[in-house]
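Enquirer: Input structure: target.pdb, which contains PDB, C-alpha atoms, pLDDT in the B column.
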```pdb
ATOM      1  CA  PRO A 846       0.000   0.000   0.000  1.00 85.00           C
ATOM      2  CA  GLY A 847       2.896   2.393   0.638  1.00 90.00           C
ATOM      3  CA  LEU A 848       4.077   2.530  -2.971  1.00 91.00           C
ATOM      4  CA  THR A 849       0.504   2.822  -4.245  1.00 93.00           C
ATOM      5  CA  GLY A 850      -0.019   5.700  -1.826  1.00 92.00           C
ATOM      6  CA  ALA A 851       3.197   7.406  -2.896  1.00 93.00           C
ATOM      7  CA  VAL A 852       2.241   7.275  -6.570  1.00 94.00           C
ATOM      8  CA  LEU A 853      -1.305   8.451  -5.856  1.00 94.00           C
ATOM      9  CA  HIS A 854      -0.068  11.239  -3.628  1.00 94.00           C
ATOM     10  CA  ILE A 855       2.389  12.551  -6.208  1.00 95.00           C
ATOM     11  CA  GLY A 856      -0.402  12.889  -8.778  1.00 94.00           C
ATOM     12  CA  ASN A 857      -2.906  14.214  -6.266  1.00 95.00           C
ATOM     13  CA  ASP A 858      -0.396  16.719  -4.896  1.00 96.00           C
ATOM     14  CA  ALA A 859       0.196  18.110  -8.374  1.00 96.00           C
ATOM     15  CA  ILE A 860      -3.541  18.607  -8.882  1.00 97.00           C
ATOM     16  CA  MET A 861      -4.104  20.124  -5.434  1.00 97.00           C
ATOM     17  CA  LYS A 862      -1.197  22.547  -5.652  1.00 96.00           C
ATOM     18  CA  GLY A 863      -2.069  23.365  -9.257  1.00 96.00           C
ATOM     19  CA  ALA A 864      -5.529  24.431  -8.101  1.00 97.00           C
ATOM     20  CA  LEU A 865      -4.051  26.541  -5.296  1.00 95.00           C
ATOM     21  CA  PHE A 866      -1.509  28.263  -7.539  1.00 94.00           C
ATOM     22  CA  LEU A 867      -4.069  28.982 -10.252  1.00 94.00           C
ATOM     23  CA  ALA A 868      -6.495  30.434  -7.686  1.00 93.00           C
ATOM     24  CA  ALA A 869      -3.715  32.572  -6.202  1.00 91.00           C
ATOM     25  CA  GLY A 870      -2.778  33.766  -9.679  1.00 89.00           C
ATOM     26  CA  ALA A 871      -6.385  34.620 -10.451  1.00 88.00           C
ATOM     27  CA  LEU A 872      -6.590  36.652  -7.249  1.00 87.00           C
ATOM     28  CA  LEU A 873      -3.328  38.428  -7.987  1.00 86.00           C
ATOM     29  CA  VAL A 874      -4.353  39.390 -11.516  1.00 86.00           C
ATOM     30  CA  ARG A 875      -7.937  40.397 -10.721  1.00 84.00           C
ATOM     31  CA  THR A 876      -7.459  42.048  -7.304  1.00 85.00           C
ATOM     32  CA  GLY A 877      -3.775  42.628  -6.627  1.00 85.00           C
ATOM     33  CA  VAL A 878      -3.972  40.517  -3.443  1.00 86.00           C
ATOM     34  CA  THR A 879      -0.487  39.211  -2.687  1.00 87.00           C
ATOM     35  CA  ARG A 880      -0.583  38.435   1.046  1.00 89.00           C
ATOM     36  CA  VAL A 881      -2.687  36.178   3.241  1.00 89.00           C
ATOM     37  CA  ASP A 882      -3.689  39.081   5.488  1.00 86.00           C
ATOM     38  CA  GLN A 883      -5.351  40.725   2.474  1.00 88.00           C
ATOM     39  CA  LEU A 884      -7.716  37.797   1.902  1.00 88.00           C
ATOM     40  CA  ALA A 885     -10.305  39.178   4.337  1.00 89.00           C
ATOM     41  CA  SER A 886     -10.944  41.941   1.798  1.00 86.00           C
ATOM     42  CA  LEU A 887     -12.385  39.270  -0.499  1.00 86.00           C
ATOM     43  CA  ARG A 888     -14.739  37.696   2.042  1.00 85.00           C
ATOM     44  CA  GLY A 889     -18.084  37.059   0.384  1.00 83.00           C
ATOM     45  CA  ARG A 890     -16.957  38.582  -2.925  1.00 85.00           C
ATOM     46  CA  ALA A 891     -15.100  35.638  -4.471  1.00 87.00           C
ATOM     47  CA  PRO A 892     -17.207  32.516  -3.877  1.00 90.00           C
ATOM     48  CA  TRP A 893     -15.651  30.406  -6.654  1.00 92.00           C
ATOM     49  CA  THR A 894     -12.108  31.241  -5.667  1.00 91.00           C
ATOM     50  CA  THR A 895     -12.995  30.544  -2.039  1.00 91.00           C
ATOM     51  CA  LEU A 896     -14.405  27.166  -3.066  1.00 94.00           C
ATOM     52  CA  VAL A 897     -11.193  26.268  -4.919  1.00 95.00           C
ATOM     53  CA  LEU A 898      -8.986  27.344  -2.011  1.00 95.00           C
ATOM     54  CA  ALA A 899     -11.128  25.467   0.523  1.00 95.00           C
ATOM     55  CA  VAL A 900     -11.410  22.198  -1.418  1.00 97.00           C
ATOM     56  CA  ALA A 901      -7.757  22.133  -2.489  1.00 97.00           C
ATOM     57  CA  GLY A 902      -6.609  23.190   0.964  1.00 97.00           C
ATOM     58  CA  VAL A 903      -8.521  20.588   2.955  1.00 97.00           C
ATOM     59  CA  SER A 904      -7.551  17.946   0.405  1.00 97.00           C
ATOM     60  CA  LEU A 905      -3.909  18.917   0.869  1.00 96.00           C
ATOM     61  CA  ILE A 906      -4.369  18.375   4.602  1.00 97.00           C
ATOM     62  CA  GLY A 907      -5.750  14.940   3.830  1.00 95.00           C
ATOM     63  CA  LEU A 908      -9.396  15.137   4.842  1.00 95.00           C
ATOM     64  CA  PRO A 909     -11.712  12.511   3.361  1.00 94.00           C
ATOM     65  CA  PRO A 910     -13.297  12.006   0.905  1.00 95.00           C
ATOM     66  CA  LEU A 911     -10.988  14.203  -1.170  1.00 96.00           C
ATOM     67  CA  ALA A 912      -8.004  13.015  -3.213  1.00 96.00           C
ATOM     68  CA  GLY A 913      -5.346  14.025  -0.686  1.00 95.00           C
ATOM     69  CA  PHE A 914      -6.738  11.687   1.955  1.00 96.00           C
ATOM     70  CA  PHE A 915      -6.263   8.478   0.005  1.00 94.00           C
ATOM     71  CA  GLY A 916      -2.626   8.961  -0.954  1.00 93.00           C
ATOM     72  CA  LYS A 917      -1.763   9.735   2.656  1.00 95.00           C
ATOM     73  CA  TRP A 918      -3.883   6.829   3.888  1.00 96.00           C
ATOM     74  CA  TYR A 919      -2.072   4.279   1.728  1.00 94.00           C
ATOM     75  CA  VAL A 920       1.332   5.712   2.694  1.00 95.00           C
ATOM     76  CA  LEU A 921       0.309   5.487   6.358  1.00 96.00           C
ATOM     77  CA  LEU A 922      -0.830   1.878   5.949  1.00 96.00           C
ATOM     78  CA  GLY A 923       2.451   0.974   4.245  1.00 95.00           C
ATOM     79  CA  ALA A 924       4.481   2.626   7.005  1.00 96.00           C
ATOM     80  CA  LEU A 925       2.469   0.863   9.714  1.00 97.00           C
ATOM     81  CA  GLU A 926       2.792  -2.532   7.998  1.00 96.00           C
ATOM     82  CA  ALA A 927       6.556  -2.050   7.697  1.00 95.00           C
ATOM     83  CA  GLY A 928       6.868  -0.842  11.287  1.00 96.00           C
ATOM     84  CA  ARG A 929       8.382   2.459  10.105  1.00 96.00           C
ATOM     85  CA  TRP A 930       7.315   4.584  13.057  1.00 97.00           C
ATOM     86  CA  LEU A 931       9.526   7.490  12.049  1.00 97.00           C
ATOM     87  CA  TYR A 932       7.623   7.663   8.729  1.00 96.00           C
ATOM     88  CA  VAL A 933       4.320   7.593  10.613  1.00 97.00           C
ATOM     89  CA  ALA A 934       5.528  10.456  12.819  1.00 98.00           C
ATOM     90  CA  ALA A 935       6.771  12.421   9.795  1.00 97.00           C
ATOM     91  CA  LEU A 936       3.407  11.983   8.062  1.00 96.00           C
ATOM     92  CA  ALA A 937       1.563  13.145  11.186  1.00 97.00           C
ATOM     93  CA  LEU A 938       3.856  16.154  11.629  1.00 98.00           C
ATOM     94  CA  GLY A 939       3.595  17.086   7.948  1.00 96.00           C
ATOM     95  CA  THR A 940      -0.183  16.855   8.116  1.00 97.00           C
ATOM     96  CA  ALA A 941      -0.303  19.065  11.218  1.00 97.00           C
ATOM     97  CA  LEU A 942       1.942  21.692   9.609  1.00 97.00           C
ATOM     98  CA  THR A 943      -0.133  21.595   6.427  1.00 97.00           C
ATOM     99  CA  ALA A 944      -3.312  22.085   8.467  1.00 97.00           C
ATOM    100  CA  ALA A 945      -1.728  25.097  10.176  1.00 97.00           C
ATOM    101  CA  TYR A 946      -0.854  26.913   6.971  1.00 95.00           C
ATOM    102  CA  VAL A 947      -4.058  25.972   5.152  1.00 96.00           C
ATOM    103  CA  PHE A 948      -6.226  27.208   8.021  1.00 96.00           C
ATOM    104  CA  ARG A 949      -4.062  30.342   8.204  1.00 95.00           C
ATOM    105  CA  MET A 950      -5.060  30.970   4.574  1.00 93.00           C
ATOM    106  CA  LEU A 951      -8.742  30.054   4.927  1.00 94.00           C
ATOM    107  CA  GLU A 952      -9.444  31.845   8.207  1.00 94.00           C
ATOM    108  CA  PRO A 953      -9.415  35.428   6.867  1.00 91.00           C
ATOM    109  CA  LEU A 954     -11.204  34.387   3.690  1.00 89.00           C
ATOM    110  CA  LEU A 955     -14.017  32.555   5.501  1.00 89.00           C
ATOM    111  CA  PHE A 956     -14.198  34.298   8.860  1.00 89.00           C
ATOM    112  CA  GLY A 957     -12.303  37.578   8.524  1.00 82.00           C
ATOM    113  CA  LYS A 958     -14.017  40.900   8.929  1.00 80.00           C
ATOM    114  CA  ALA A 959     -15.512  41.739   5.567  1.00 70.00           C
ATOM    115  CA  PRO A 960     -14.860  45.315   4.518  1.00 65.00           C
ATOM    116  CA  ALA A 961     -17.605  47.727   3.615  1.00 63.00           C
ATOM    117  CA  GLU A 962     -18.827  46.990   0.105  1.00 60.00           C
ATOM    118  CA  PRO A 963     -16.676  49.084  -2.224  1.00 54.00           C
ATOM    119  CA  THR A 964     -18.596  50.881  -4.896  1.00 50.00           C
ATOM    120  CA  GLN A 965     -17.841  52.907  -7.951  1.00 54.00           C
ATOM    121  CA  ASP A 966     -20.440  55.455  -8.987  1.00 51.00           C
ATOM    122  CA  GLY A 967     -22.927  53.896  -6.562  1.00 47.00           C
ATOM    123  CA  ALA A 968     -22.803  50.437  -8.216  1.00 43.00           C
ATOM    124  CA  PRO A 969     -21.517  47.382  -6.342  1.00 48.00           C
ATOM    125  CA  ALA A 970     -17.921  46.453  -7.086  1.00 55.00           C
ATOM    126  CA  ALA A 971     -17.401  43.665  -9.598  1.00 57.00           C
ATOM    127  CA  SER A 972     -16.701  40.207  -8.272  1.00 67.00           C
ATOM    128  CA  PRO A 973     -13.012  39.306  -8.201  1.00 73.00           C
ATOM    129  CA  ASP A 974     -13.954  35.829  -9.452  1.00 78.00           C
ATOM    130  CA  GLY A 975     -13.326  34.988 -13.073  1.00 75.00           C
ATOM    131  CA  GLY A 976     -10.648  34.598 -15.658  1.00 82.00           C
ATOM    132  CA  LEU A 977      -8.894  31.715 -17.316  1.00 87.00           C
ATOM    133  CA  ALA A 978      -6.751  30.897 -14.253  1.00 87.00           C
ATOM    134  CA  LEU A 979      -9.865  30.463 -12.116  1.00 90.00           C
ATOM    135  CA  ALA A 980     -11.454  28.272 -14.804  1.00 92.00           C
ATOM    136  CA  GLY A 981      -8.385  26.019 -14.716  1.00 94.00           C
ATOM    137  CA  ALA A 982      -8.466  25.980 -10.923  1.00 95.00           C
ATOM    138  CA  LEU A 983     -12.106  24.888 -11.005  1.00 96.00           C
ATOM    139  CA  VAL A 984     -11.233  22.029 -13.376  1.00 97.00           C
ATOM    140  CA  PHE A 985      -8.521  20.921 -10.943  1.00 97.00           C
ATOM    141  CA  THR A 986     -11.039  21.173  -8.090  1.00 97.00           C
ATOM    142  CA  VAL A 987     -13.383  18.810  -9.913  1.00 97.00           C
ATOM    143  CA  LEU A 988     -10.435  16.431 -10.414  1.00 97.00           C
ATOM    144  CA  ILE A 989      -9.632  16.577  -6.677  1.00 97.00           C
ATOM    145  CA  ILE A 990     -13.184  15.554  -5.842  1.00 97.00           C
ATOM    146  CA  ALA A 991     -13.334  12.901  -8.587  1.00 96.00           C
ATOM    147  CA  ALA A 992      -9.990  11.362  -7.554  1.00 95.00           C
ATOM    148  CA  GLY A 993     -11.363  11.055  -4.037  1.00 95.00           C
ATOM    149  CA  VAL A 994     -14.755   9.653  -5.024  1.00 95.00           C
ATOM    150  CA  PHE A 995     -13.273   7.208  -7.549  1.00 95.00           C
ATOM    151  CA  ASN A 996     -10.263   6.351  -5.420  1.00 94.00           C
ATOM    152  CA  GLY A 997     -10.875   2.589  -5.504  1.00 93.00           C
ATOM    153  CA  PRO A 998     -10.579   2.150  -9.269  1.00 94.00           C
ATOM    154  CA  LEU A 999      -7.733   4.680  -9.401  1.00 93.00           C
ATOM    155  CA  ALA A1000      -5.770   2.826  -6.699  1.00 93.00           C
ATOM    156  CA  ALA A1001      -6.430  -0.491  -8.482  1.00 93.00           C
ATOM    157  CA  LEU A1002      -5.074   0.987 -11.707  1.00 93.00           C
ATOM    158  CA  VAL A1003      -1.932   2.218  -9.914  1.00 92.00           C
ATOM    159  CA  ARG A1004      -1.418  -1.173  -8.215  1.00 91.00           C
ATOM    160  CA  SER A1005      -1.849  -2.941 -11.525  1.00 91.00           C
ATOM    161  CA  ALA A1006       0.670  -0.674 -13.230  1.00 90.00           C
ATOM    162  CA  LEU A1007       3.157  -1.148 -10.380  1.00 89.00           C
ATOM    163  CA  THR A1008       2.875  -4.936 -10.355  1.00 89.00           C
ATOM    164  CA  GLN A1009       2.999  -5.293 -14.128  1.00 87.00           C
ATOM    165  CA  GLY A1010       5.874  -2.879 -14.515  1.00 69.00           C
ATOM    166  CA  GLY A1011       3.934  -0.500 -16.716  1.00 58.00           C
ATOM    167  CA  ALA A1012       0.532   0.732 -17.692  1.00 51.00           C
ATOM    168  CA  PRO A1013      -2.128  -1.970 -18.070  1.00 48.00           C
TER     169      PRO A1013
END
```
Mind turning this structure into structure tokens?
Expert:
Amino acid sequence: PGLTGAVLHIGNDAIMKGALFLAAGALLVRTGVTRVDQLASLRGRAPWTTLVLAVAGVSLIGLPPLAGFFGKWYVLLGALEAGRWLYVAALALGTALTAAYVFRMLEPLLFGKAPAEPTQDGAPAASPDGGLALAGALVFTVLIIAAGVFNGPLAALVRSALTQGGAP
């Protein structure tokens, strides 16, 4: 299970971090936000970007039923079966540190004090959501969910490829 988990986690990690980087890029281009402490200014104004950051972030932590959980789960099972307690501890520490920085990012976005609604000529400000980067991030978000929901067949495919020495 450890090798299956490692392969799954490498692919899942690329998708999760791709979603996060694309969402961050979308925010940078559309709003100029460059720091975590500026995310509160977007509270309630960027629902799609918030969704991407939340799903990719909690998947990166390894919460089920998202993709990030299953890679970590298989790695944990492999470490436990092999009696590699240092690996188990490293996985737990890495997960705790990931949770700390993901919640540091999500806290102002979800619970920060929303600023007064900025307006221009009396009309509400445009939503910071949108753009090609956000569209790509949403595609990655769907993949994160799908890789979690269809984890069984995906893990079977990885195991098959690993035991046969190549793609089935």
Enquirer: Report the closest atom pair, with its distance in Å rounded to one decimal, for each residue of range 870-982 of chain A that has an atom no farther than 8 Å from range 989-995 of chain A; count only C-alpha atoms, sort by chain and then rising residue number, and write it as a Markdown table.
Expert:
```
| residue | atom | partner | partner_atom | distance |
| --- | --- | --- | --- | --- |
| A:Val900 | CA | A:Ile989 | CA | 7.9 |
| A:Ala901 | CA | A:Ile989 | CA | 7.2 |
| A:Ser904 | CA | A:Ile989 | CA | 7.5 |
| A:Pro909 | CA | A:Gly993 | CA | 7.5 |
| A:Pro910 | CA | A:Gly993 | CA | 5.4 |
| A:Leu911 | CA | A:Gly993 | CA | 4.3 |
| A:Ala912 | CA | A:Gly993 | CA | 4.0 |
| A:Gly913 | CA | A:Gly993 | CA | 7.5 |
| A:Phe914 | CA | A:Gly993 | CA | 7.6 |
| A:Phe915 | CA | A:Gly993 | CA | 7.0 |
```
Enquirer: Would you kindly translate the PyMOL selection byres ((chain A and resi 858-866) around 7) into the concrete residues it picks from this file, as a PyMOL selection string?
Expert: chain A and resi 854-857+867-870+897-898+901+905+982+985-986+989
Enquirer: What separation in Å, quoted to one decimal, exists between CA of Leu921 in chain A and CA of Leu853 in chain A?
Expert: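 Separating CA of Leu921 in chain A from CA of Leu853 in chain A is a distance of 12.7 Å.
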Enquirer: Given only C-alpha atoms as the basis, pick out the residue of A:Ala891, A:Leu951, A:Ala944, A:Ala927 nearest to Gly907 in chain A.
Expert: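 Answer, going by the shortest atom-to-atom distance: A:Ala944.
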Enquirer: Please report the interatomic distance between CA of Arg888 in chain A and CA of Pro973 in chain A in Å with one decimal.
Expert: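 For CA of Arg888 in chain A relative to CA of Pro973 in chain A, the distance reads 10.5 Å.
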Enquirer: Report the centre and edge lengths, in Å to one decimal, of an axis-aligned box enclosing every atom of range 902-911 of chain A listed in the file, padded by 3 Å on each side, as JSON.
Expert:
```
{"center_x": -8.6, "center_y": 17.6, "center_z": 1.8, "size_x": 15.4, "size_y": 17.2, "size_z": 12.0}
```
Enquirer: For this file, the PyMOL selection byres ((chain A and resi 943) around 12) selects which residues, as a VMD selection string?
Expert: chain A and resid 901 to 908 913 935 to 942 944 to 950
Enquirer: Which residues come within 10 Å of Val881 in chain A, counting all atoms listed in the file, excluding same-chain residues fewer than 2 positions away, as number ranges by chain?
Expert: A: 878-879, 883-885, 949-954
Enquirer: So how many Å separate CA of Gly847 in chain A and CA of Val987 in chain A, to one decimal?
Expert: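 Straight-line distance from CA of Gly847 in chain A to CA of Val987 in chain A works out to 25.4 Å.
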Enquirer: Excluding Ala871 in chain A and any residue of its chain fewer than 2 positions from it, enumerate the residues within 8 Å of it, using all atoms listed in the file, and give them as a ChimeraX atom specification.
Expert: /A:867-869,873-875,974-979
